[in-house]
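Chemist: Let me begin by handing over the structure; questions about it come next.
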Amino acid sequence: MKSKTLFDKIWDSHVVRSIEDGPDVLYIDRHYIHEVTSPQAFNGLKERGIPVFRPGKTIATADHNIPTKNQHLPILDELSRNQVERLSENCRKYGIELFGLNHPKNGIVHVIGPELGYTLPGMIIVCGDSHTSTHGAFGTIAFGIGTSEVEMVLAAQCVLQPKPKKMRITLDGELHKGVTSKDIIMYIISEISASGATGYFVEYCGSAIRSLSMEGRMTICNMSIEMGARGGLIAPDETTFDYLKKIQAIPGIDDLKSSINEWKKLRSDTDAVFDRDLKFDAGLIKPMITYGTNPGMGMAIDDSIPLSDENGNNASSSFLKSLDYMGFKPGMKLLGHPVDFVFLGSCTNGRIEDFRAFAQVIKGRKKAENITALIVPGSKKVEEQLAAEGLTELYKSAGFEVRQPGCSSCLAMNEDKIPRGKYAVSTSNRNFEGRQGPGSRTLLASPLTAAAAAITGRITDPRDFINENQKVKK
Amino acid sequence: MPKVKFDILESTCVPLPYENVDTDQIIPARFLSATSRQGFGDNLFRDWRYAKTGEKNNEFILNNPDFSGKILVAGKNFGSGSSREHAVWAIFDYGFKAVVSSFFADIFMNNALNNGLLPIVISDDLLKKLTTLVQNNPNTKVKIDLEKQTFTILSTGDSVKFAINPYKKECLLKGLDDIDFLLSIKSLITGFENNKCLTK
């Protein structure tokens, strides 16, 4: 039998039918929906007069536009309120389980899916959100889809997809102190650019990837889309199974032990061929920060902004337009540059380990006067865990207020907007123009780097705050 | 999903020669709160089209009366970022029927094809040539023939074949839609579920 990659194995086992010269009809195991990209899909079903084909395979949450304060009160913005209400109505009408606003299990879709045990190895998972790639951390094919495709899944539990090419990214070597999974993925994206993996599905391998926790792996897979990849996945191993064993009840799984034995087979054959093979050395990675307006425009925090773009075009209008938007110049150093906002949260870095990492830096210190901090857990469960571990108190005594869960300032659909011209060190995933509010200037970084900036009020190397003996989340 | 037909399009073009134009620029997140597909064209490229004070930014190409047409000539890696289909709805609602670039983001490409907005990939060199031609002469016309898969700059005669998935081509030529297709193979889907479904 021909050798196969893990990606091929999962994909091929989900093909209902291959259309000649066309896409594959892929069966979807789990479908996650939220308030922003689903209403038009439900409208489509209504116009056709058809039901949801398999309502038990879709779960819903409200996360994108909800406020992160006073969630018990009605949402002030009328359009957002309407969207959240429409989601509730649609879920009721079609029999879909909803972890909506104020539900004890509410949270960002890519945080609660894994937390509640819906995301499992070997599955194909889709959601009308590009960061669906997050779930690849479990050895899952997971990718973002548009609303027309959401409608397809609701109508027939399938999508039509051309099969992407396969890329392997191997990361071996030891990570230095102060370097986290966020820095790893930002480093890789800066090396291959924001479009370097377009057309591919990535498998991450190597000892440095294996050493990461599930939270760390989710951060890596989450940002696969930021280099253009449809998704990224990591073969399941003991770390994956230990994470799953801690979940109280996994929906649809009665005998976890026998499932784990099946999942152990989920790996690429040793001689499987990838269309593209890249290798990186973990020892070369430093804490990273972005300086431009796409995630490929990143550098080591103590570096200088390059003089030209990745193609060597110093006069490239796109490159200069980007720096101009940020208020930066080619060749400039960013260390010491004043910052106005710090955002900890999002589907990239809104999990408990991210909050623990941030806490290590702020512990016993005070937030800088000039910093407005948005500290937003990824889910109710993370919020509870913060309280249980005494971290809510720790944040408070350092001058930080922990908010209620949601996507918040990552895309600023709610009130958590960064004002025009202000600089925000953000643990989120996109530094696009205006992403965090019209005119906002985003500097992407890890929770450690965000915490260091929150304490000093400036762009600061987080390694200054971490001593050798301290254990840091990878 | 809407059923849109596409066969032959002859039109002038609007040049937008920036690389990595992401879907947040095409339609900012704060305009995603609607629950229908209509009306997004008003906010297409909102933060480039309007100054912070709310007035039109006369320097932006969509506000330049010299340029109009149904074809958007974009830069490399167009449509990256968020999967929001609203980006395609906004471009289509504004009046564009085709987008030309040397490289599109994957999800944007799928979304465009699912809404009858034709994404056409041409070489970097031809894209550069076309952009310059259009910038120098806004009356430059392009002809797109989907059946023949040809893309022609009428004034120069430059003509290339463009690629499109044969299934999607058929759908666009006939105005068919993926959901009709999926509903027609439902027994096959049920059969799949009975045999090898992971989660029953």
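Simple scheme: letters A, B, ... for chains in structure tokens order, numbers from 1 for residues in each chain, numbers from 1 for ligands in the order shown.
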For chain B against chain A, which residues fall within 8 Å using only C-alpha atoms, given as a ChimeraX atom specification?
Modeler: /B:1,18-20,22,24-25,28-30,32-37,47,77,80-85,105-107,110-111,114,165-168,178-179,182-183,186,188-189,192,197-200
Chemist: Show me, as a PyMOL selection string, the residues that have an atom within 12 Å of Glu384 of chain A when counting only C-alpha atoms, minus same-chain residues fewer than 3 positions from it.
Modeler: chain A and resi 104-107+351-352+377-381+387-392+402-405
Chemist: Create the file for the chosen residues now, containing all heavy atoms and written as a short mmCIF file (atom, residue, chain, number, x, y, z; two decimals), in the first residue's frame.
Modeler:
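Everything below was put into result_29.cif:
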data_model
loop_
_atom_site.label_atom_id
_atom_site.label_comp_id
_atom_site.auth_asym_id
_atom_site.auth_seq_id
_atom_site.Cartn_x
_atom_site.Cartn_y
_atom_site.Cartn_z
N PRO A 104 -22.98 28.46 31.48
CA PRO A 104 -21.75 28.19 32.26
C PRO A 104 -20.59 27.62 31.44
O PRO A 104 -19.46 27.61 31.91
CB PRO A 104 -22.22 27.19 33.32
CG PRO A 104 -23.55 26.71 32.89
CD PRO A 104 -24.14 27.76 32.02
N LYS A 105 -20.88 27.15 30.23
CA LYS A 105 -19.79 26.63 29.39
C LYS A 105 -19.50 27.54 28.19
O LYS A 105 -18.86 27.13 27.23
CB LYS A 105 -20.14 25.23 28.89
CG LYS A 105 -20.18 24.19 30.02
CD LYS A 105 -20.63 22.85 29.49
CE LYS A 105 -20.66 21.81 30.60
NZ LYS A 105 -21.26 20.55 30.12
N ASN A 106 -19.98 28.77 28.24
CA ASN A 106 -19.76 29.70 27.12
C ASN A 106 -18.27 30.04 26.97
O ASN A 106 -17.50 29.96 27.93
CB ASN A 106 -20.57 30.99 27.36
CG ASN A 106 -20.28 32.06 26.31
OD1 ASN A 106 -19.58 33.04 26.59
ND2 ASN A 106 -20.76 31.87 25.11
N GLY A 107 -17.91 30.43 25.78
CA GLY A 107 -16.53 30.87 25.53
C GLY A 107 -16.25 30.95 24.05
O GLY A 107 -17.15 30.70 23.23
N ARG A 351 -6.03 30.83 26.89
CA ARG A 351 -6.20 29.62 27.71
C ARG A 351 -5.46 29.76 29.04
O ARG A 351 -4.65 30.66 29.21
CB ARG A 351 -5.73 28.39 26.93
CG ARG A 351 -6.55 28.18 25.68
CD ARG A 351 -6.17 26.97 24.88
NE ARG A 351 -7.03 26.93 23.70
CZ ARG A 351 -6.83 27.65 22.60
NH1 ARG A 351 -5.76 28.42 22.51
NH2 ARG A 351 -7.67 27.61 21.59
N ILE A 352 -5.72 28.84 29.96
CA ILE A 352 -5.22 28.99 31.33
C ILE A 352 -3.70 29.16 31.36
O ILE A 352 -3.17 29.99 32.10
CB ILE A 352 -5.71 27.83 32.23
CG1 ILE A 352 -5.34 28.10 33.70
CG2 ILE A 352 -5.21 26.47 31.76
CD1 ILE A 352 -6.06 29.25 34.33
N PRO A 377 -10.35 36.25 29.48
CA PRO A 377 -10.25 34.78 29.39
C PRO A 377 -10.98 34.25 28.16
O PRO A 377 -11.95 34.85 27.70
CB PRO A 377 -10.94 34.29 30.67
CG PRO A 377 -11.19 35.48 31.51
CD PRO A 377 -11.12 36.69 30.65
N GLY A 378 -10.54 33.09 27.67
CA GLY A 378 -11.13 32.52 26.47
C GLY A 378 -12.46 31.83 26.72
O GLY A 378 -13.21 31.56 25.78
N SER A 379 -12.75 31.50 27.98
CA SER A 379 -14.02 30.81 28.26
C SER A 379 -14.38 30.99 29.72
O SER A 379 -13.57 31.43 30.54
CB SER A 379 -13.87 29.32 27.97
OG SER A 379 -13.01 28.72 28.93
N LYS A 380 -15.62 30.62 30.05
CA LYS A 380 -16.09 30.63 31.44
C LYS A 380 -15.21 29.73 32.28
O LYS A 380 -14.92 30.01 33.43
CB LYS A 380 -17.54 30.12 31.50
CG LYS A 380 -18.54 31.13 31.01
CD LYS A 380 -18.89 32.07 32.12
CE LYS A 380 -20.03 32.98 31.71
NZ LYS A 380 -20.08 34.18 32.56
N LYS A 381 -14.83 28.60 31.68
CA LYS A 381 -14.03 27.64 32.42
C LYS A 381 -12.66 28.23 32.77
O LYS A 381 -12.17 28.05 33.88
CB LYS A 381 -13.86 26.36 31.58
CG LYS A 381 -13.58 25.17 32.44
CD LYS A 381 -13.47 23.89 31.67
CE LYS A 381 -12.70 22.91 32.53
NZ LYS A 381 -11.94 21.95 31.73
N ALA A 387 -9.90 32.13 38.97
CA ALA A 387 -10.34 32.43 40.34
C ALA A 387 -9.85 31.34 41.28
O ALA A 387 -9.30 31.62 42.35
CB ALA A 387 -11.85 32.57 40.37
N ALA A 388 -10.00 30.08 40.87
CA ALA A 388 -9.65 28.94 41.73
C ALA A 388 -8.15 28.91 42.03
O ALA A 388 -7.74 28.52 43.13
CB ALA A 388 -10.07 27.64 41.05
N GLU A 389 -7.34 29.35 41.07
CA GLU A 389 -5.88 29.32 41.29
C GLU A 389 -5.37 30.60 41.94
O GLU A 389 -4.15 30.78 42.11
CB GLU A 389 -5.15 29.11 39.95
CG GLU A 389 -5.41 27.75 39.35
CD GLU A 389 -4.67 27.51 38.04
OE1 GLU A 389 -3.73 28.26 37.73
OE2 GLU A 389 -5.05 26.56 37.34
N GLY A 390 -6.29 31.50 42.31
CA GLY A 390 -5.88 32.75 42.95
C GLY A 390 -5.31 33.77 41.99
O GLY A 390 -4.77 34.80 42.39
N LEU A 391 -5.44 33.49 40.69
CA LEU A 391 -4.85 34.41 39.71
C LEU A 391 -5.68 35.69 39.52
O LEU A 391 -5.12 36.75 39.25
CB LEU A 391 -4.64 33.69 38.37
CG LEU A 391 -3.58 32.59 38.38
CD1 LEU A 391 -3.48 31.92 37.02
CD2 LEU A 391 -2.22 33.16 38.78
N THR A 392 -7.00 35.55 39.69
CA THR A 392 -7.84 36.75 39.56
C THR A 392 -7.38 37.80 40.58
O THR A 392 -7.25 38.98 40.27
CB THR A 392 -9.32 36.40 39.78
OG1 THR A 392 -9.62 35.23 39.01
CG2 THR A 392 -10.24 37.52 39.36
N VAL A 402 -9.73 41.42 35.46
CA VAL A 402 -10.05 40.30 34.58
C VAL A 402 -11.50 40.45 34.10
O VAL A 402 -12.42 40.59 34.89
CB VAL A 402 -9.86 38.94 35.28
CG1 VAL A 402 -10.29 37.79 34.37
CG2 VAL A 402 -8.40 38.75 35.70
N ARG A 403 -11.66 40.43 32.78
CA ARG A 403 -12.99 40.62 32.18
C ARG A 403 -13.73 39.29 32.02
O ARG A 403 -13.22 38.23 32.37
CB ARG A 403 -12.81 41.25 30.80
CG ARG A 403 -12.09 42.58 30.84
CD ARG A 403 -13.08 43.63 30.58
NE ARG A 403 -12.47 44.93 30.44
CZ ARG A 403 -12.92 45.85 29.58
NH1 ARG A 403 -13.92 45.55 28.76
NH2 ARG A 403 -12.38 47.03 29.54
N GLN A 404 -14.91 39.35 31.40
CA GLN A 404 -15.67 38.13 31.09
C GLN A 404 -15.27 37.64 29.69
O GLN A 404 -14.79 38.42 28.87
CB GLN A 404 -17.16 38.43 31.18
CG GLN A 404 -17.58 38.70 32.62
CD GLN A 404 -19.01 39.20 32.73
OE1 GLN A 404 -19.36 40.23 32.18
NE2 GLN A 404 -19.83 38.46 33.46
N PRO A 405 -15.46 36.34 29.41
CA PRO A 405 -14.91 35.76 28.17
C PRO A 405 -15.54 36.25 26.87
O PRO A 405 -16.71 36.67 26.85
CB PRO A 405 -15.15 34.26 28.35
CG PRO A 405 -16.11 34.11 29.44
CD PRO A 405 -16.06 35.33 30.29
#
Chemist: Identify, with DSSP run on backbone atoms, the residues in chain B assigned to strand (DSSP E or B), and express the list as a PDB file with N, CA, C and O atoms, in the first residue's frame.
Modeler:
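Saved result, part.pdb, follows:
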ATOM      1  N   ILE B   8     -19.674  35.511 -20.219  1.00  0.00           N
ATOM      2  CA  ILE B   8     -18.687  36.414 -20.823  1.00  0.00           C
ATOM      3  C   ILE B   8     -18.807  37.782 -20.174  1.00  0.00           C
ATOM      4  O   ILE B   8     -19.921  38.271 -19.943  1.00  0.00           O
ATOM      5  N   LEU B   9     -17.667  38.372 -19.857  1.00  0.00           N
ATOM      6  CA  LEU B   9     -17.694  39.708 -19.259  1.00  0.00           C
ATOM      7  C   LEU B   9     -16.681  40.580 -19.991  1.00  0.00           C
ATOM      8  O   LEU B   9     -15.526  40.207 -20.166  1.00  0.00           O
ATOM      9  N   GLU B  10     -17.154  41.750 -20.428  1.00  0.00           N
ATOM     10  CA  GLU B  10     -16.245  42.708 -21.054  1.00  0.00           C
ATOM     11  C   GLU B  10     -16.401  44.004 -20.274  1.00  0.00           C
ATOM     12  O   GLU B  10     -17.513  44.530 -20.171  1.00  0.00           O
ATOM     13  N   SER B  11     -15.286  44.483 -19.720  1.00  0.00           N
ATOM     14  CA  SER B  11     -15.437  45.656 -18.858  1.00  0.00           C
ATOM     15  C   SER B  11     -14.127  46.397 -18.683  1.00  0.00           C
ATOM     16  O   SER B  11     -13.041  45.848 -18.896  1.00  0.00           O
ATOM     17  N   THR B  12     -14.232  47.655 -18.237  1.00  0.00           N
ATOM     18  CA  THR B  12     -13.064  48.389 -17.757  1.00  0.00           C
ATOM     19  C   THR B  12     -12.734  47.875 -16.365  1.00  0.00           C
ATOM     20  O   THR B  12     -13.496  47.099 -15.788  1.00  0.00           O
ATOM     21  N   CYS B  13     -11.606  48.334 -15.809  1.00  0.00           N
ATOM     22  CA  CYS B  13     -11.115  47.772 -14.552  1.00  0.00           C
ATOM     23  C   CYS B  13     -10.826  48.859 -13.517  1.00  0.00           C
ATOM     24  O   CYS B  13     -10.596  50.012 -13.853  1.00  0.00           O
ATOM     25  N   VAL B  14     -10.804  48.434 -12.255  1.00  0.00           N
ATOM     26  CA  VAL B  14     -10.381  49.328 -11.171  1.00  0.00           C
ATOM     27  C   VAL B  14      -9.105  48.740 -10.569  1.00  0.00           C
ATOM     28  O   VAL B  14      -9.111  47.598 -10.114  1.00  0.00           O
ATOM     29  N   PRO B  15      -8.000  49.519 -10.586  1.00  0.00           N
ATOM     30  CA  PRO B  15      -6.730  48.965 -10.073  1.00  0.00           C
ATOM     31  C   PRO B  15      -6.559  49.189  -8.572  1.00  0.00           C
ATOM     32  O   PRO B  15      -6.812  50.277  -8.059  1.00  0.00           O
ATOM     33  N   LEU B  16      -6.125  48.161  -7.869  1.00  0.00           N
ATOM     34  CA  LEU B  16      -5.854  48.271  -6.423  1.00  0.00           C
ATOM     35  C   LEU B  16      -4.539  47.524  -6.150  1.00  0.00           C
ATOM     36  O   LEU B  16      -4.537  46.407  -5.655  1.00  0.00           O
ATOM     37  N   ASP B  22      -6.136  42.125   3.122  1.00  0.00           N
ATOM     38  CA  ASP B  22      -6.842  41.126   3.923  1.00  0.00           C
ATOM     39  C   ASP B  22      -8.321  41.441   3.987  1.00  0.00           C
ATOM     40  O   ASP B  22      -8.758  42.544   3.632  1.00  0.00           O
ATOM     41  N   TYR B  50     -13.162  56.145   3.239  1.00  0.00           N
ATOM     42  CA  TYR B  50     -13.588  57.325   3.998  1.00  0.00           C
ATOM     43  C   TYR B  50     -12.500  57.754   4.976  1.00  0.00           C
ATOM     44  O   TYR B  50     -11.831  56.908   5.581  1.00  0.00           O
ATOM     45  N   LYS B  56     -15.470  61.403   2.272  1.00  0.00           N
ATOM     46  CA  LYS B  56     -14.821  60.550   1.277  1.00  0.00           C
ATOM     47  C   LYS B  56     -13.339  60.866   1.188  1.00  0.00           C
ATOM     48  O   LYS B  56     -12.957  62.039   1.216  1.00  0.00           O
ATOM     49  N   ILE B  71     -14.432  44.810 -13.018  1.00  0.00           N
ATOM     50  CA  ILE B  71     -13.278  43.957 -12.731  1.00  0.00           C
ATOM     51  C   ILE B  71     -12.330  44.683 -11.783  1.00  0.00           C
ATOM     52  O   ILE B  71     -11.896  45.803 -12.060  1.00  0.00           O
ATOM     53  N   LEU B  72     -12.041  44.039 -10.650  1.00  0.00           N
ATOM     54  CA  LEU B  72     -11.095  44.602  -9.687  1.00  0.00           C
ATOM     55  C   LEU B  72      -9.727  43.981  -9.960  1.00  0.00           C
ATOM     56  O   LEU B  72      -9.585  42.760  -9.927  1.00  0.00           O
ATOM     57  N   VAL B  73      -8.743  44.822 -10.239  1.00  0.00           N
ATOM     58  CA  VAL B  73      -7.394  44.322 -10.491  1.00  0.00           C
ATOM     59  C   VAL B  73      -6.581  44.513  -9.212  1.00  0.00           C
ATOM     60  O   VAL B  73      -6.172  45.627  -8.879  1.00  0.00           O
ATOM     61  N   ALA B  74      -6.398  43.426  -8.466  1.00  0.00           N
ATOM     62  CA  ALA B  74      -5.824  43.510  -7.131  1.00  0.00           C
ATOM     63  C   ALA B  74      -4.344  43.142  -7.135  1.00  0.00           C
ATOM     64  O   ALA B  74      -3.771  42.810  -8.176  1.00  0.00           O
ATOM     65  N   PHE B  78      -4.360  38.409  -2.380  1.00  0.00           N
ATOM     66  CA  PHE B  78      -5.598  39.137  -2.104  1.00  0.00           C
ATOM     67  C   PHE B  78      -6.559  38.251  -1.300  1.00  0.00           C
ATOM     68  O   PHE B  78      -6.687  37.061  -1.560  1.00  0.00           O
ATOM     69  N   SER B  80      -6.553  37.584   2.081  1.00  0.00           N
ATOM     70  CA  SER B  80      -5.998  36.783   3.176  1.00  0.00           C
ATOM     71  C   SER B  80      -6.726  37.095   4.480  1.00  0.00           C
ATOM     72  O   SER B  80      -7.480  38.053   4.574  1.00  0.00           O
ATOM     73  N   ALA B  98     -15.699  40.167 -11.210  1.00  0.00           N
ATOM     74  CA  ALA B  98     -14.469  39.369 -11.266  1.00  0.00           C
ATOM     75  C   ALA B  98     -13.357  40.097 -10.524  1.00  0.00           C
ATOM     76  O   ALA B  98     -13.346  41.328 -10.464  1.00  0.00           O
ATOM     77  N   VAL B  99     -12.443  39.329  -9.922  1.00  0.00           N
ATOM     78  CA  VAL B  99     -11.248  39.895  -9.293  1.00  0.00           C
ATOM     79  C   VAL B  99     -10.038  39.227  -9.927  1.00  0.00           C
ATOM     80  O   VAL B  99     -10.017  38.007 -10.086  1.00  0.00           O
ATOM     81  N   VAL B 100      -9.047  40.039 -10.281  1.00  0.00           N
ATOM     82  CA  VAL B 100      -7.847  39.510 -10.919  1.00  0.00           C
ATOM     83  C   VAL B 100      -6.669  39.732  -9.988  1.00  0.00           C
ATOM     84  O   VAL B 100      -6.524  40.804  -9.408  1.00  0.00           O
ATOM     85  N   SER B 101      -5.839  38.709  -9.815  1.00  0.00           N
ATOM     86  CA  SER B 101      -4.622  38.844  -9.013  1.00  0.00           C
ATOM     87  C   SER B 101      -3.639  37.776  -9.475  1.00  0.00           C
ATOM     88  O   SER B 101      -3.983  36.897 -10.262  1.00  0.00           O
ATOM     89  N   PHE B 104      -4.365  34.315  -4.782  1.00  0.00           N
ATOM     90  CA  PHE B 104      -5.468  34.540  -3.839  1.00  0.00           C
ATOM     91  C   PHE B 104      -5.315  33.657  -2.604  1.00  0.00           C
ATOM     92  O   PHE B 104      -4.789  32.545  -2.693  1.00  0.00           O
ATOM     93  N   LEU B 118     -15.929  35.834  -9.947  1.00  0.00           N
ATOM     94  CA  LEU B 118     -14.898  34.995 -10.564  1.00  0.00           C
ATOM     95  C   LEU B 118     -13.491  35.455 -10.170  1.00  0.00           C
ATOM     96  O   LEU B 118     -13.090  36.573 -10.486  1.00  0.00           O
ATOM     97  N   PRO B 119     -12.730  34.598  -9.460  1.00  0.00           N
ATOM     98  CA  PRO B 119     -11.346  34.963  -9.150  1.00  0.00           C
ATOM     99  C   PRO B 119     -10.428  34.458 -10.257  1.00  0.00           C
ATOM    100  O   PRO B 119     -10.428  33.272 -10.567  1.00  0.00           O
ATOM    101  N   ILE B 120      -9.675  35.344 -10.878  1.00  0.00           N
ATOM    102  CA  ILE B 120      -8.818  34.946 -11.996  1.00  0.00           C
ATOM    103  C   ILE B 120      -7.352  35.166 -11.640  1.00  0.00           C
ATOM    104  O   ILE B 120      -6.956  36.269 -11.272  1.00  0.00           O
ATOM    105  N   VAL B 121      -6.578  34.078 -11.738  1.00  0.00           N
ATOM    106  CA  VAL B 121      -5.148  34.173 -11.438  1.00  0.00           C
ATOM    107  C   VAL B 121      -4.371  34.347 -12.735  1.00  0.00           C
ATOM    108  O   VAL B 121      -4.508  33.541 -13.657  1.00  0.00           O
ATOM    109  N   LYS B 141      -9.892  48.054 -21.605  1.00  0.00           N
ATOM    110  CA  LYS B 141     -10.932  47.032 -21.407  1.00  0.00           C
ATOM    111  C   LYS B 141     -10.375  45.616 -21.420  1.00  0.00           C
ATOM    112  O   LYS B 141      -9.403  45.324 -22.117  1.00  0.00           O
ATOM    113  N   VAL B 142     -11.015  44.775 -20.630  1.00  0.00           N
ATOM    114  CA  VAL B 142     -10.622  43.381 -20.540  1.00  0.00           C
ATOM    115  C   VAL B 142     -11.829  42.515 -20.883  1.00  0.00           C
ATOM    116  O   VAL B 142     -12.965  42.877 -20.561  1.00  0.00           O
ATOM    117  N   LYS B 143     -11.563  41.383 -21.563  1.00  0.00           N
ATOM    118  CA  LYS B 143     -12.665  40.454 -21.848  1.00  0.00           C
ATOM    119  C   LYS B 143     -12.379  39.111 -21.164  1.00  0.00           C
ATOM    120  O   LYS B 143     -11.293  38.539 -21.336  1.00  0.00           O
ATOM    121  N   ILE B 144     -13.345  38.641 -20.412  1.00  0.00           N
ATOM    122  CA  ILE B 144     -13.212  37.345 -19.752  1.00  0.00           C
ATOM    123  C   ILE B 144     -14.245  36.406 -20.362  1.00  0.00           C
ATOM    124  O   ILE B 144     -15.440  36.722 -20.371  1.00  0.00           O
ATOM    125  N   ASP B 145     -13.759  35.277 -20.885  1.00  0.00           N
ATOM    126  CA  ASP B 145     -14.672  34.277 -21.446  1.00  0.00           C
ATOM    127  C   ASP B 145     -14.533  32.998 -20.625  1.00  0.00           C
ATOM    128  O   ASP B 145     -13.520  32.296 -20.715  1.00  0.00           O
ATOM    129  N   THR B 150     -10.557  32.177 -21.196  1.00  0.00           N
ATOM    130  CA  THR B 150      -9.577  33.140 -21.699  1.00  0.00           C
ATOM    131  C   THR B 150      -9.757  34.500 -21.037  1.00  0.00           C
ATOM    132  O   THR B 150     -10.869  34.934 -20.746  1.00  0.00           O
ATOM    133  N   PHE B 151      -8.628  35.152 -20.844  1.00  0.00           N
ATOM    134  CA  PHE B 151      -8.568  36.479 -20.248  1.00  0.00           C
ATOM    135  C   PHE B 151      -7.785  37.349 -21.227  1.00  0.00           C
ATOM    136  O   PHE B 151      -6.618  37.085 -21.518  1.00  0.00           O
ATOM    137  N   THR B 152      -8.415  38.379 -21.775  1.00  0.00           N
ATOM    138  CA  THR B 152      -7.808  39.152 -22.861  1.00  0.00           C
ATOM    139  C   THR B 152      -7.825  40.646 -22.562  1.00  0.00           C
ATOM    140  O   THR B 152      -8.876  41.194 -22.205  1.00  0.00           O
ATOM    141  N   ILE B 153      -6.665  41.281 -22.708  1.00  0.00           N
ATOM    142  CA  ILE B 153      -6.628  42.745 -22.630  1.00  0.00           C
ATOM    143  C   ILE B 153      -6.900  43.234 -24.053  1.00  0.00           C
ATOM    144  O   ILE B 153      -6.100  42.988 -24.960  1.00  0.00           O
ATOM    145  N   SER B 159      -3.502  37.777 -24.422  1.00  0.00           N
ATOM    146  CA  SER B 159      -4.568  36.853 -24.057  1.00  0.00           C
ATOM    147  C   SER B 159      -3.967  35.617 -23.411  1.00  0.00           C
ATOM    148  O   SER B 159      -3.015  35.044 -23.923  1.00  0.00           O
ATOM    149  N   VAL B 160      -4.500  35.239 -22.249  1.00  0.00           N
ATOM    150  CA  VAL B 160      -3.999  34.041 -21.573  1.00  0.00           C
ATOM    151  C   VAL B 160      -5.172  33.145 -21.191  1.00  0.00           C
ATOM    152  O   VAL B 160      -6.314  33.594 -21.089  1.00  0.00           O
ATOM    153  N   LYS B 161      -4.844  31.864 -20.972  1.00  0.00           N
ATOM    154  CA  LYS B 161      -5.858  30.935 -20.452  1.00  0.00           C
ATOM    155  C   LYS B 161      -5.767  30.958 -18.947  1.00  0.00           C
ATOM    156  O   LYS B 161      -4.668  30.978 -18.389  1.00  0.00           O
TER     157      LYS B 161
END
Chemist: What is the distance, in Å and to one decimal place, between atom CA of Tyr94 of chain B and atom CA of Phe67 of chain B?
Modeler: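 Distance between the two atoms: 13.9 Å.
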Chemist: Using DSSP on the backbone coordinates, identify all residues within segment 182-388 of chain A classified as helix (DSSP H, G or I); present the result as a PyMOL selection string.
Modeler: chain A and resi 182-192+207-210+214-227+238-245+256-263+282-284+317-326+346-349+352-362+380-388
Chemist: Would you mind listing what lies within 7 Å of segment 458-467 of chain A as a list in words, with only C-alpha atoms counted and same-chain residues fewer than 5 positions away left out?
Modeler: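 The neighbour list is Gly178, Ile301, Leu334, Leu335, Gly336, His337, Pro338, Val339, Val361, Leu448, Thr449, Ala452 and Ala453 of chain A.
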Chemist: Could you save those same residues with N, CA and C atoms as a CSV table (one decimal), in the first residue's frame?
Modeler:
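See again.csv below for the written result:
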chain,number,residue,atom,x,y,z
A,178,GLY,N,12.0,32.0,28.1
A,178,GLY,CA,11.2,33.2,27.6
A,178,GLY,C,10.7,33.1,26.2
A,301,ILE,N,12.5,40.4,19.1
A,301,ILE,CA,12.1,41.7,19.8
A,301,ILE,C,13.3,42.6,19.9
A,334,LEU,N,12.6,48.6,18.1
A,334,LEU,CA,11.3,48.8,18.8
A,334,LEU,C,11.4,48.7,20.3
A,335,LEU,N,12.5,48.1,20.8
A,335,LEU,CA,12.6,48.0,22.2
A,335,LEU,C,12.6,49.4,22.8
A,336,GLY,N,11.8,49.6,23.9
A,336,GLY,CA,11.7,50.9,24.5
A,336,GLY,C,10.6,51.8,24.0
A,337,HIS,N,10.0,51.4,22.8
A,337,HIS,CA,9.0,52.2,22.2
A,337,HIS,C,7.7,52.2,23.1
A,338,PRO,N,7.2,53.4,23.4
A,338,PRO,CA,6.0,53.4,24.3
A,338,PRO,C,4.8,52.7,23.7
A,339,VAL,N,4.0,52.1,24.6
A,339,VAL,CA,2.8,51.4,24.3
A,339,VAL,C,1.6,51.9,25.1
A,361,VAL,N,5.0,37.1,35.2
A,361,VAL,CA,5.7,38.4,35.0
A,361,VAL,C,5.2,39.5,35.9
A,448,LEU,N,4.0,36.5,27.6
A,448,LEU,CA,5.2,37.0,28.4
A,448,LEU,C,5.6,38.4,27.9
A,449,THR,N,5.6,38.6,26.6
A,449,THR,CA,6.0,39.9,26.1
A,449,THR,C,5.0,40.9,26.4
A,452,ALA,N,5.4,41.9,30.0
A,452,ALA,CA,6.5,42.8,30.2
A,452,ALA,C,6.2,44.2,29.8
A,453,ALA,N,5.4,44.4,28.7
A,453,ALA,CA,5.0,45.7,28.2
A,453,ALA,C,4.0,46.4,29.2
Chemist: Excluding Gly175 of chain B and residues on its chain fewer than 5 positions from it, collect all residues at most 9 Å away from it, counting only C-alpha atoms, and give them as a list in words.
Modeler: Lys3, Val4, Lys5, Phe6, Gly116 and Glu170 of chain B
Chemist: My list of candidates is B:Leu154, B:Leu146, B:Ala112, B:Ile185. Which is closest to Ala87 of chain B when distances are computed with only C-alpha atoms?
Modeler: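 Looking only at the distances to Ala87 of chain B, the closest residue turns out to be B:Ala112.
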Chemist: Expressed in Å to a single decimal, how great is the separation between atom CA of Leu173 of chain B and atom CA of Gly95 of chain B?
Modeler: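 Separating atom CA of Leu173 of chain B from atom CA of Gly95 of chain B is a distance of 19.0 Å.
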Chemist: In Å, how far is it from atom CA of Arg365 of chain A to atom CA of Gly457 of chain A?
Modeler: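 We find that atom CA of Arg365 of chain A and atom CA of Gly457 of chain A lie 12.6 Å from each other.
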Chemist: Could you give me, as number ranges by chain, the residues within 10 Å of Asp93 of chain B, counting only C-alpha atoms and dropping anything in the same chain fewer than 6 positions from it?
Modeler: B: 37-44, 86-87
